[in-house]
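Raw contents of query32.pdb, PDB, C-alpha atoms, pLDDT in the B column:
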ATOM      1  CA  MET A  24      93.413 102.755  65.354  1.00 40.00           C
ATOM      2  CA  LYS A  25      93.154 104.459  68.706  1.00 40.00           C
ATOM      3  CA  ASN A  26      95.955 103.868  71.143  1.00 44.00           C
ATOM      4  CA  LEU A  27      95.206 101.343  73.836  1.00 42.00           C
ATOM      5  CA  ILE A  28      95.426 102.853  77.324  1.00 44.00           C
ATOM      6  CA  LEU A  29      96.589 100.389  79.936  1.00 45.00           C
ATOM      7  CA  THR A  30      95.814 101.018  83.601  1.00 45.00           C
ATOM      8  CA  ILE A  31      98.053  99.359  86.183  1.00 41.00           C
ATOM      9  CA  SER A  32      98.246  99.481  89.957  1.00 42.00           C
ATOM     10  CA  ILE A  33     101.088  98.801  92.399  1.00 38.00           C
ATOM     11  CA  LEU A  34      99.306  96.146  94.438  1.00 37.00           C
ATOM     12  CA  THR A  35     100.798  92.794  95.295  1.00 32.00           C
ATOM     13  CA  THR A  36      97.584  91.069  94.248  1.00 30.00           C
ATOM     14  CA  SER A  37      97.383  92.757  90.847  1.00 32.00           C
ATOM     15  CA  PHE A  38      98.060  90.353  87.973  1.00 31.00           C
ATOM     16  CA  GLY A  39      99.517  87.883  90.451  1.00 30.00           C
ATOM     17  CA  LEU A  40     102.687  89.955  90.843  1.00 32.00           C
ATOM     18  CA  SER A  41     104.622  90.584  94.030  1.00 31.00           C
ATOM     19  CA  ALA A  42     107.266  93.079  95.105  1.00 33.00           C
ATOM     20  CA  GLN A  43     110.850  91.875  95.294  1.00 33.00           C
ATOM     21  CA  THR A  44     113.201  92.900  98.072  1.00 30.00           C
ATOM     22  CA  VAL A  45     116.577  91.914  96.643  1.00 34.00           C
ATOM     23  CA  VAL A  46     119.010  94.267  94.918  1.00 36.00           C
ATOM     24  CA  PRO A  47     118.993  93.446  91.184  1.00 38.00           C
ATOM     25  CA  GLU A  48     122.099  92.491  89.260  1.00 39.00           C
ATOM     26  CA  ASN A  49     122.323  96.112  88.173  1.00 40.00           C
ATOM     27  CA  ASN A  50     120.381  99.314  88.516  1.00 43.00           C
ATOM     28  CA  PHE A  51     119.445 100.111  84.919  1.00 44.00           C
ATOM     29  CA  LEU A  52     118.487 103.696  85.339  1.00 54.00           C
ATOM     30  CA  ASP A  53     121.315 105.792  86.719  1.00 70.00           C
ATOM     31  CA  SER A  54     124.932 106.274  85.766  1.00 86.00           C
ATOM     32  CA  PHE A  55     125.745 107.572  89.273  1.00 92.00           C
ATOM     33  CA  LEU A  56     124.447 106.902  92.771  1.00 92.00           C
ATOM     34  CA  ARG A  57     125.845 107.898  96.158  1.00 95.00           C
ATOM     35  CA  THR A  58     125.910 105.538  99.103  1.00 95.00           C
ATOM     36  CA  SER A  59     123.401 106.159 101.859  1.00 92.00           C
ATOM     37  CA  SER A  60     126.129 106.068 104.542  1.00 95.00           C
ATOM     38  CA  ASN A  61     129.531 107.692 105.007  1.00 97.00           C
ATOM     39  CA  TYR A  62     132.708 105.608 104.680  1.00 98.00           C
ATOM     40  CA  PRO A  63     136.264 106.402 105.840  1.00 98.00           C
ATOM     41  CA  TRP A  64     139.005 107.322 103.376  1.00 97.00           C
ATOM     42  CA  ASP A  65     140.817 104.018 103.981  1.00 97.00           C
ATOM     43  CA  THR A  66     137.848 101.715 103.324  1.00 97.00           C
ATOM     44  CA  PRO A  67     139.405  98.411 102.142  1.00 96.00           C
ATOM     45  CA  ASP A  68     137.176  97.892  99.066  1.00 96.00           C
ATOM     46  CA  PHE A  69     135.114 100.808  97.743  1.00 97.00           C
ATOM     47  CA  ASP A  70     133.870  98.763  94.772  1.00 95.00           C
ATOM     48  CA  GLU A  71     132.475  96.090  97.083  1.00 95.00           C
ATOM     49  CA  VAL A  72     130.520  98.720  99.029  1.00 96.00           C
ATOM     50  CA  CYS A  73     129.001 100.078  95.790  1.00 94.00           C
ATOM     51  CA  GLN A  74     128.052  96.583  94.629  1.00 91.00           C
ATOM     52  CA  GLN A  75     126.465  95.643  97.928  1.00 92.00           C
ATOM     53  CA  GLU A  76     124.244  98.720  97.910  1.00 90.00           C
ATOM     54  CA  PHE A  77     123.441  99.152  94.217  1.00 86.00           C
ATOM     55  CA  GLY A  78     124.260  95.946  92.321  1.00 85.00           C
ATOM     56  CA  ASN A  79     127.140  94.189  90.622  1.00 84.00           C
ATOM     57  CA  ASP A  80     127.626  96.738  87.834  1.00 84.00           C
ATOM     58  CA  PHE A  81     128.494  99.580  90.220  1.00 90.00           C
ATOM     59  CA  LEU A  82     132.069 100.604  91.058  1.00 93.00           C
ATOM     60  CA  ILE A  83     133.563 103.674  92.697  1.00 96.00           C
ATOM     61  CA  ALA A  84     133.318 106.515  90.172  1.00 95.00           C
ATOM     62  CA  ASP A  85     136.363 108.038  88.550  1.00 94.00           C
ATOM     63  CA  TRP A  86     136.829 111.782  88.001  1.00 96.00           C
ATOM     64  CA  ASN A  87     136.930 111.092  84.264  1.00 92.00           C
ATOM     65  CA  ASN A  88     133.452 109.487  84.449  1.00 91.00           C
ATOM     66  CA  VAL A  89     132.126 112.649  86.096  1.00 94.00           C
ATOM     67  CA  VAL A  90     133.711 114.978  83.545  1.00 93.00           C
ATOM     68  CA  ALA A  91     132.393 112.955  80.589  1.00 89.00           C
ATOM     69  CA  PHE A  92     128.871 112.698  82.014  1.00 88.00           C
ATOM     70  CA  VAL A  93     128.554 116.389  82.849  1.00 91.00           C
ATOM     71  CA  ASP A  94     129.870 117.307  79.411  1.00 88.00           C
ATOM     72  CA  GLU A  95     127.224 115.077  77.794  1.00 82.00           C
ATOM     73  CA  ASN A  96     124.239 115.636  80.084  1.00 82.00           C
ATOM     74  CA  GLY A  97     124.839 118.803  82.121  1.00 89.00           C
ATOM     75  CA  PHE A  98     125.091 119.623  85.805  1.00 93.00           C
ATOM     76  CA  GLU A  99     121.374 119.334  86.590  1.00 89.00           C
ATOM     77  CA  GLU A 100     121.143 115.698  85.540  1.00 87.00           C
ATOM     78  CA  PHE A 101     124.343 114.851  87.404  1.00 92.00           C
ATOM     79  CA  PHE A 102     123.136 116.516  90.604  1.00 93.00           C
ATOM     80  CA  ASN A 103     119.743 114.818  90.325  1.00 87.00           C
ATOM     81  CA  GLN A 104     121.301 111.382  89.958  1.00 88.00           C
ATOM     82  CA  THR A 105     123.869 111.781  92.715  1.00 92.00           C
ATOM     83  CA  GLY A 106     121.730 113.695  95.189  1.00 90.00           C
ATOM     84  CA  MET A 107     124.400 116.440  95.253  1.00 94.00           C
ATOM     85  CA  THR A 108     121.676 119.050  95.339  1.00 90.00           C
ATOM     86  CA  TYR A 109     123.246 121.452  97.835  1.00 94.00           C
ATOM     87  CA  TYR A 110     126.490 123.360  98.380  1.00 96.00           C
ATOM     88  CA  GLN A 111     129.403 121.208  99.594  1.00 96.00           C
ATOM     89  CA  SER A 112     127.660 117.884  98.983  1.00 97.00           C
ATOM     90  CA  ASN A 113     130.375 115.411  98.054  1.00 98.00           C
ATOM     91  CA  GLY A 114     131.532 111.826  97.520  1.00 98.00           C
ATOM     92  CA  TRP A 115     134.680 109.706  97.266  1.00 98.00           C
ATOM     93  CA  VAL A 116     136.025 109.073  93.748  1.00 97.00           C
ATOM     94  CA  THR A 117     139.237 107.965  92.074  1.00 96.00           C
ATOM     95  CA  ARG A 118     141.366 109.934  89.616  1.00 95.00           C
ATOM     96  CA  ASP A 119     142.704 108.004  86.629  1.00 92.00           C
ATOM     97  CA  GLY A 120     142.022 104.872  88.667  1.00 93.00           C
ATOM     98  CA  GLN A 121     144.094 106.055  91.645  1.00 94.00           C
ATOM     99  CA  HIS A 122     142.485 106.374  95.087  1.00 96.00           C
ATOM    100  CA  LEU A 123     145.128 108.471  96.837  1.00 97.00           C
ATOM    101  CA  TYR A 124     146.709 111.851  96.146  1.00 97.00           C
ATOM    102  CA  SER A 125     149.190 111.199  98.949  1.00 94.00           C
ATOM    103  CA  SER A 126     149.622 108.594 101.663  1.00 92.00           C
ATOM    104  CA  ASN A 127     146.480 109.590 103.567  1.00 93.00           C
ATOM    105  CA  ARG A 128     144.508 111.841 101.184  1.00 97.00           C
ATOM    106  CA  HIS A 129     141.806 110.091  99.167  1.00 98.00           C
ATOM    107  CA  TYR A 130     140.275 111.830  96.130  1.00 98.00           C
ATOM    108  CA  PHE A 131     136.714 113.132  96.377  1.00 98.00           C
ATOM    109  CA  ILE A 132     134.486 115.588  94.532  1.00 98.00           C
ATOM    110  CA  GLU A 133     132.504 118.427  96.079  1.00 98.00           C
ATOM    111  CA  ARG A 134     129.909 120.854  94.795  1.00 97.00           C
ATOM    112  CA  HIS A 135     131.000 124.468  95.169  1.00 98.00           C
ATOM    113  CA  ASP A 136     128.904 126.429  92.653  1.00 96.00           C
ATOM    114  CA  GLY A 137     131.864 128.739  92.034  1.00 96.00           C
ATOM    115  CA  ASN A 138     132.530 129.433  95.726  1.00 97.00           C
ATOM    116  CA  VAL A 139     135.545 127.379  96.837  1.00 97.00           C
ATOM    117  CA  PRO A 140     136.021 127.287 100.641  1.00 96.00           C
ATOM    118  CA  GLY A 141     139.205 128.842 101.979  1.00 95.00           C
ATOM    119  CA  GLY A 142     142.168 126.486 102.210  1.00 93.00           C
ATOM    120  CA  TRP A 143     140.597 123.989  99.830  1.00 97.00           C
ATOM    121  CA  LEU A 144     143.148 122.263  97.542  1.00 97.00           C
ATOM    122  CA  VAL A 145     141.618 122.025  94.051  1.00 98.00           C
ATOM    123  CA  HIS A 146     143.201 119.314  91.902  1.00 98.00           C
ATOM    124  CA  ALA A 147     140.780 119.796  88.988  1.00 97.00           C
ATOM    125  CA  SER A 148     137.498 121.543  88.299  1.00 97.00           C
ATOM    126  CA  ILE A 149     134.398 121.474  86.076  1.00 97.00           C
ATOM    127  CA  GLY A 150     132.502 124.608  85.101  1.00 94.00           C
ATOM    128  CA  SER A 151     134.451 127.351  86.923  1.00 94.00           C
ATOM    129  CA  ASN A 152     134.487 125.455  90.218  1.00 97.00           C
ATOM    130  CA  THR A 153     130.914 124.191  90.024  1.00 97.00           C
ATOM    131  CA  ILE A 154     132.358 120.765  90.878  1.00 98.00           C
ATOM    132  CA  ASP A 155     135.885 120.449  92.261  1.00 98.00           C
ATOM    133  CA  LEU A 156     138.177 117.498  92.769  1.00 98.00           C
ATOM    134  CA  GLY A 157     139.904 117.494  96.152  1.00 98.00           C
ATOM    135  CA  SER A 158     141.511 115.041  98.563  1.00 98.00           C
ATOM    136  CA  TRP A 159     141.296 114.412 102.311  1.00 97.00           C
ATOM    137  CA  HIS A 160     141.201 111.735 105.001  1.00 95.00           C
ATOM    138  CA  ASN A 161     137.820 111.913 106.724  1.00 97.00           C
ATOM    139  CA  SER A 162     134.510 110.073 106.060  1.00 98.00           C
ATOM    140  CA  ARG A 163     131.925 110.793 103.390  1.00 98.00           C
ATOM    141  CA  PRO A 164     129.599 108.939 100.951  1.00 97.00           C
ATOM    142  CA  ILE A 165     131.066 106.991  98.042  1.00 98.00           C
ATOM    143  CA  LEU A 166     130.093 108.121  94.554  1.00 97.00           C
ATOM    144  CA  CYS A 167     129.336 104.938  92.615  1.00 95.00           C
ATOM    145  CA  TYR A 168     129.283 104.579  88.824  1.00 93.00           C
ATOM    146  CA  ASN A 169     127.255 102.118  86.776  1.00 89.00           C
ATOM    147  CA  SER A 170     129.759 100.441  84.457  1.00 79.00           C
ATOM    148  CA  ASN A 171     126.891  99.108  82.330  1.00 71.00           C
ATOM    149  CA  THR A 172     125.622 102.465  81.038  1.00 60.00           C
ATOM    150  CA  THR A 173     126.727 102.458  77.424  1.00 44.00           C
ATOM    151  CA  ASP A 174     123.355 103.558  76.102  1.00 43.00           C
ATOM    152  CA  ILE A 175     121.864 105.351  79.107  1.00 41.00           C
ATOM    153  CA  THR A 176     123.078 108.854  78.254  1.00 39.00           C
ATOM    154  CA  GLU A 177     122.031 108.374  74.635  1.00 40.00           C
ATOM    155  CA  ILE A 178     118.525 107.392  75.684  1.00 42.00           C
ATOM    156  CA  ALA A 179     118.300 110.188  78.251  1.00 41.00           C
ATOM    157  CA  SER A 180     119.378 112.802  75.711  1.00 34.00           C
ATOM    158  CA  GLN A 181     116.598 111.775  73.314  1.00 43.00           C
ATOM    159  CA  ASN A 182     113.976 112.530  75.975  1.00 53.00           C
ATOM    160  CA  LEU A 183     111.469 110.188  74.309  1.00 78.00           C
ATOM    161  CA  LEU A 184     109.711 109.004  77.468  1.00 85.00           C
ATOM    162  CA  THR A 185     107.345 111.408  79.203  1.00 90.00           C
ATOM    163  CA  ILE A 186     105.741 111.082  82.639  1.00 92.00           C
ATOM    164  CA  GLY A 187     103.041 113.471  83.730  1.00 92.00           C
ATOM    165  CA  PRO A 188     102.057 114.693  86.156  1.00 94.00           C
ATOM    166  CA  ASN A 189     105.367 114.184  87.894  1.00 90.00           C
ATOM    167  CA  PRO A 190     105.401 114.328  90.937  1.00 91.00           C
ATOM    168  CA  PHE A 191     101.972 112.715  91.414  1.00 93.00           C
ATOM    169  CA  SER A 192      99.761 111.557  94.275  1.00 94.00           C
ATOM    170  CA  ASN A 193      97.324 109.047  92.786  1.00 94.00           C
ATOM    171  CA  LYS A 194      98.156 108.340  89.178  1.00 94.00           C
ATOM    172  CA  THR A 195     100.284 109.520  86.294  1.00 94.00           C
ATOM    173  CA  THR A 196     100.559 108.835  82.560  1.00 95.00           C
ATOM    174  CA  ILE A 197     103.663 107.293  80.998  1.00 95.00           C
ATOM    175  CA  GLU A 198     104.019 107.804  77.254  1.00 93.00           C
ATOM    176  CA  PHE A 199     106.689 106.485  74.887  1.00 92.00           C
ATOM    177  CA  PRO A 200     107.006 105.898  71.112  1.00 90.00           C
ATOM    178  CA  ASN A 201     105.563 102.522  70.128  1.00 90.00           C
ATOM    179  CA  PRO A 202     104.117 102.977  66.621  1.00 91.00           C
ATOM    180  CA  ASN A 203     104.251  99.244  65.849  1.00 90.00           C
ATOM    181  CA  HIS A 204     102.565  98.249  69.125  1.00 92.00           C
ATOM    182  CA  SER A 205     105.569  96.108  69.998  1.00 91.00           C
ATOM    183  CA  ASN A 206     105.661  94.110  73.215  1.00 92.00           C
ATOM    184  CA  TYR A 207     107.274  95.908  76.191  1.00 92.00           C
ATOM    185  CA  LYS A 208     107.948  95.070  79.825  1.00 91.00           C
ATOM    186  CA  LEU A 209     107.668  97.702  82.551  1.00 92.00           C
ATOM    187  CA  SER A 210     109.914  97.506  85.626  1.00 89.00           C
ATOM    188  CA  VAL A 211     109.784  99.921  88.562  1.00 89.00           C
ATOM    189  CA  PHE A 212     112.653 100.220  91.073  1.00 84.00           C
ATOM    190  CA  SER A 213     112.983 102.071  94.340  1.00 81.00           C
ATOM    191  CA  ILE A 214     115.866 104.545  94.553  1.00 69.00           C
ATOM    192  CA  SER A 215     117.877 101.916  96.460  1.00 63.00           C
ATOM    193  CA  GLY A 216     117.535  99.444  93.573  1.00 68.00           C
ATOM    194  CA  ASN A 217     114.748  97.172  94.861  1.00 75.00           C
ATOM    195  CA  LYS A 218     112.294  96.091  92.192  1.00 82.00           C
ATOM    196  CA  VAL A 219     108.800  96.961  93.412  1.00 88.00           C
ATOM    197  CA  PHE A 220     106.775  96.210  90.289  1.00 86.00           C
ATOM    198  CA  GLU A 221     107.058  94.374  86.991  1.00 88.00           C
ATOM    199  CA  MET A 222     104.608  93.873  84.159  1.00 86.00           C
ATOM    200  CA  ASP A 223     105.004  92.569  80.619  1.00 91.00           C
ATOM    201  CA  ASN A 224     102.915  92.218  77.446  1.00 93.00           C
ATOM    202  CA  ILE A 225     102.477  95.980  77.153  1.00 94.00           C
ATOM    203  CA  LYS A 226     101.647  96.866  73.542  1.00 94.00           C
ATOM    204  CA  SER A 227     100.380 100.409  74.026  1.00 93.00           C
ATOM    205  CA  ASP A 228     102.308 103.668  73.835  1.00 94.00           C
ATOM    206  CA  LYS A 229     100.492 105.061  76.861  1.00 94.00           C
ATOM    207  CA  ILE A 230     100.188 103.706  80.386  1.00 94.00           C
ATOM    208  CA  GLU A 231      97.956 105.159  83.091  1.00 93.00           C
ATOM    209  CA  PHE A 232     100.016 104.304  86.133  1.00 94.00           C
ATOM    210  CA  GLU A 233      98.099 104.155  89.439  1.00 93.00           C
ATOM    211  CA  ARG A 234     100.015 104.589  92.681  1.00 92.00           C
ATOM    212  CA  GLY A 235      98.175 101.889  94.600  1.00 89.00           C
ATOM    213  CA  ASN A 236     100.018 101.281  97.904  1.00 88.00           C
ATOM    214  CA  LEU A 237     103.354 102.630  96.708  1.00 91.00           C
ATOM    215  CA  PRO A 238     104.975 104.802  99.454  1.00 91.00           C
ATOM    216  CA  GLU A 239     106.122 108.364  98.829  1.00 89.00           C
ATOM    217  CA  GLY A 240     109.533 108.639  97.206  1.00 86.00           C
ATOM    218  CA  ILE A 241     111.561 108.597  93.997  1.00 84.00           C
ATOM    219  CA  TYR A 242     111.166 105.633  91.648  1.00 86.00           C
ATOM    220  CA  LEU A 243     113.127 104.587  88.599  1.00 84.00           C
ATOM    221  CA  ILE A 244     111.319 103.029  85.662  1.00 87.00           C
ATOM    222  CA  GLU A 245     112.383 101.024  82.650  1.00 85.00           C
ATOM    223  CA  LEU A 246     110.348 100.064  79.594  1.00 87.00           C
ATOM    224  CA  LYS A 247     112.184  97.349  77.694  1.00 85.00           C
ATOM    225  CA  GLY A 248     111.252  95.827  74.373  1.00 84.00           C
ATOM    226  CA  GLU A 249     112.142  96.775  70.804  1.00 81.00           C
ATOM    227  CA  LYS A 250     113.963  99.719  72.410  1.00 81.00           C
ATOM    228  CA  VAL A 251     114.713 100.721  75.989  1.00 78.00           C
ATOM    229  CA  PHE A 252     113.196 103.787  77.695  1.00 84.00           C
ATOM    230  CA  ARG A 253     114.173 104.930  81.185  1.00 81.00           C
ATOM    231  CA  GLY A 254     113.083 107.671  83.525  1.00 83.00           C
ATOM    232  CA  LYS A 255     112.210 108.778  87.049  1.00 85.00           C
ATOM    233  CA  MET A 256     108.911 109.462  88.746  1.00 88.00           C
ATOM    234  CA  VAL A 257     108.141 110.952  92.140  1.00 89.00           C
ATOM    235  CA  VAL A 258     105.259 109.875  94.361  1.00 91.00           C
ATOM    236  CA  LYS A 259     104.217 112.520  96.868  1.00 91.00           C
TER     237      LYS A 259
END

Structure encoded using structure tokens:
Amino acid sequence: MKNLILTISILTTSFGLSAQTVVPENNFLDSFLRTSSNYPWDTPDFDEVCQQEFGNDFLIADWNNVVAFVDENGFEEFFNQTGMTYYQSNGWVTRDGQHLYSSNRHYFIERHDGNVPGGWLVHASIGSNTIDLGSWHNSRPILCYNSNTTDITEIASQNLLTIGPNPFSNKTTIEFPNPNHSNYKLSVFSISGNKVFEMDNIKSDKIEFERGNLPEGIYLIELKGEKVFRGKMVVK
């Protein structure tokens, strides 16, 4: 039997669906996200800031979370998720659950790519100073960690979902294993966690995804059914 190809469009009138503008209970797709604004070192509740921006499952990341994730998934995936795509990009973290190195020095991580700035106090490092753990008392983004990511790295490492072309302008094709034609639901989130599209009763293993009126940007997708598949797509 030939695979059914399902064409969908991001239009509020399509299938009677509408975009939602509330942050979901959790952002299913990323282990790490950085806040869009800078926060001072003595912010009263870092976890609350993460939850307000990304959902209830997000807390300030710990250095140990970063080390474990990079070891499992590599630097490229970590930088893509966190937006730490350039030299000296950074974010507040904890170390073994502790916020402060001293009375006014809060832990943070910074990307150095092996080139540590002069006078920089390195508490710990990953990959010959690719990422360093430091401490200071200024303002910067908070690195937030999704505490509900038990299976995310496992799914990501299997690389079973493909999206192409990606980036795309008009439409792209999403493919995933579905040999039994099981029922799946597709959810699409903006990078800030807002759900912009949802569709269920998908029984194909291939979806021709039309952009419709979706603005340019990065979007996070989840296909949930017999298994769970997650990925990113870029509209240009």

(request) Excluding Arg118 (chain A) and any residue of its chain fewer than 5 positions from it, enumerate the residues within 7 Å of it, using all atoms listed in the file, and give them as a PyMOL selection string. (result) chain A and resi 85-86+130

(request) List the neighbours of Met256 (chain A) out to 7 Å using only C-alpha atoms; skip same-chain residues closer than 2 positions along the sequence, and give me the result as a PyMOL selection string. (result) chain A and resi 189-190+241-243+254+258

Those residues with C-alpha atoms, as a JSON list (two decimals), keeping the file's coordinate frame please?
[["chain", "number", "residue", "atom", "x", "y", "z"],
["A", 189, "ASN", "CA", 105.37, 114.18, 87.89],
["A", 190, "PRO", "CA", 105.40, 114.33, 90.94],
["A", 241, "ILE", "CA", 111.56, 108.60, 94.00],
["A", 242, "TYR", "CA", 111.17, 105.63, 91.65],
["A", 243, "LEU", "CA", 113.13, 104.59, 88.60],
["A", 254, "GLY", "CA", 113.08, 107.67, 83.52],
["A", 258, "VAL", "CA", 105.26, 109.88, 94.36]]

(message) So, with only C-alpha atoms as the atoms that count, which of A:Phe212, A:Phe191, A:Tyr207, A:Phe220 lies closest to Glu249 (chain A)?
(response)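 Residue with the minimum atom-to-atom distance to Glu249 (chain A): A:Tyr207.
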
For Ile165 (chain A), list every protein, DNA or RNA residue within 9 Å, evaluated using all atoms listed in the file, and leave out those in the same chain fewer than 2 positions away; present the list as an mmCIF file with C-alpha atoms, in the coordinates of the input.
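Written out: part_19.cif:
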data_model
loop_
_atom_site.group_PDB
_atom_site.id
_atom_site.type_symbol
_atom_site.label_atom_id
_atom_site.label_comp_id
_atom_site.auth_asym_id
_atom_site.auth_seq_id
_atom_site.Cartn_x
_atom_site.Cartn_y
_atom_site.Cartn_z
ATOM 1 C CA LEU A 56 124.447 106.902 92.771
ATOM 2 C CA ARG A 57 125.845 107.898 96.158
ATOM 3 C CA THR A 58 125.910 105.538 99.103
ATOM 4 C CA SER A 59 123.401 106.159 101.859
ATOM 5 C CA SER A 60 126.129 106.068 104.542
ATOM 6 C CA ASN A 61 129.531 107.692 105.007
ATOM 7 C CA TYR A 62 132.708 105.608 104.680
ATOM 8 C CA PHE A 69 135.114 100.808 97.743
ATOM 9 C CA VAL A 72 130.520 98.720 99.029
ATOM 10 C CA CYS A 73 129.001 100.078 95.790
ATOM 11 C CA ILE A 83 133.563 103.674 92.697
ATOM 12 C CA ALA A 84 133.318 106.515 90.172
ATOM 13 C CA ASN A 113 130.375 115.411 98.054
ATOM 14 C CA GLY A 114 131.532 111.826 97.520
ATOM 15 C CA TRP A 115 134.680 109.706 97.266
ATOM 16 C CA VAL A 116 136.025 109.073 93.748
ATOM 17 C CA PHE A 131 136.714 113.132 96.377
ATOM 18 C CA ARG A 163 131.925 110.793 103.390
ATOM 19 C CA CYS A 167 129.336 104.938 92.615
#

As lines of an AutoDock Vina configuration file, please: the centre and edge lengths in Å, to one decimal, of an axis-aligned box enclosing every listed atom of region 162-172 of chain A with 6 Å added on each side.
center_x = 130.1
center_y = 105.0
center_z = 93.5
size_x = 20.9
size_y = 23.7
size_z = 37.0

(request) Please write as an NGL selection string the full residue list that the PyMOL selection byres ((chain A and resi 120-128) around 6) yields on this file. (result) :A and (117-119 or 129-130 or 158-160)

Write to file, as a short mmCIF file (atom, residue, chain, number, x, y, z; two decimals), keeping the file's coordinate frame, the residues of the selection just made, with C-alpha atoms.
data_model
loop_
_atom_site.label_atom_id
_atom_site.label_comp_id
_atom_site.auth_asym_id
_atom_site.auth_seq_id
_atom_site.Cartn_x
_atom_site.Cartn_y
_atom_site.Cartn_z
CA THR A 117 139.24 107.96 92.07
CA ARG A 118 141.37 109.93 89.62
CA ASP A 119 142.70 108.00 86.63
CA HIS A 129 141.81 110.09 99.17
CA TYR A 130 140.28 111.83 96.13
CA SER A 158 141.51 115.04 98.56
CA TRP A 159 141.30 114.41 102.31
CA HIS A 160 141.20 111.74 105.00
#

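Minimum distance to Lys259 (chain A) across A:Glu221, A:Glu71, A:Asp136, A:Glu239 (counting all atoms listed in the file) occurs at A:Glu239.
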
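For the choices A:Asn87, A:Asn236, A:Thr66, A:Gln111, the atom-to-atom distance to Val219 (chain A) is smallest for A:Asn236 when using all atoms listed in the file.
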
(request) One decimal, Å: what's the distance from CA of Lys255 (chain A) over to CA of Ile186 (chain A), could you say? (result) 8.2 Å

(request) Check the smallest atom-to-atom distance from each of A:Phe55, A:Phe102, A:Trp64, A:Tyr109 to Ser162 (chain A) using all atoms listed in the file, then report the winner. (result) A:Trp64

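Among the candidate residues A:Thr108, A:Lys247, A:Ala147, A:Gly235, the one lying nearest to Met222 (chain A) is A:Lys247, with distances computed using only C-alpha atoms.
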
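Relative to CA of Pro238 (chain A), CA of Pro200 (chain A) is found at 28.4 Å.
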
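CA of Gly106 (chain A) to CA of Ile154 (chain A) spans 13.5 Å [interatomic distance, one decimal].
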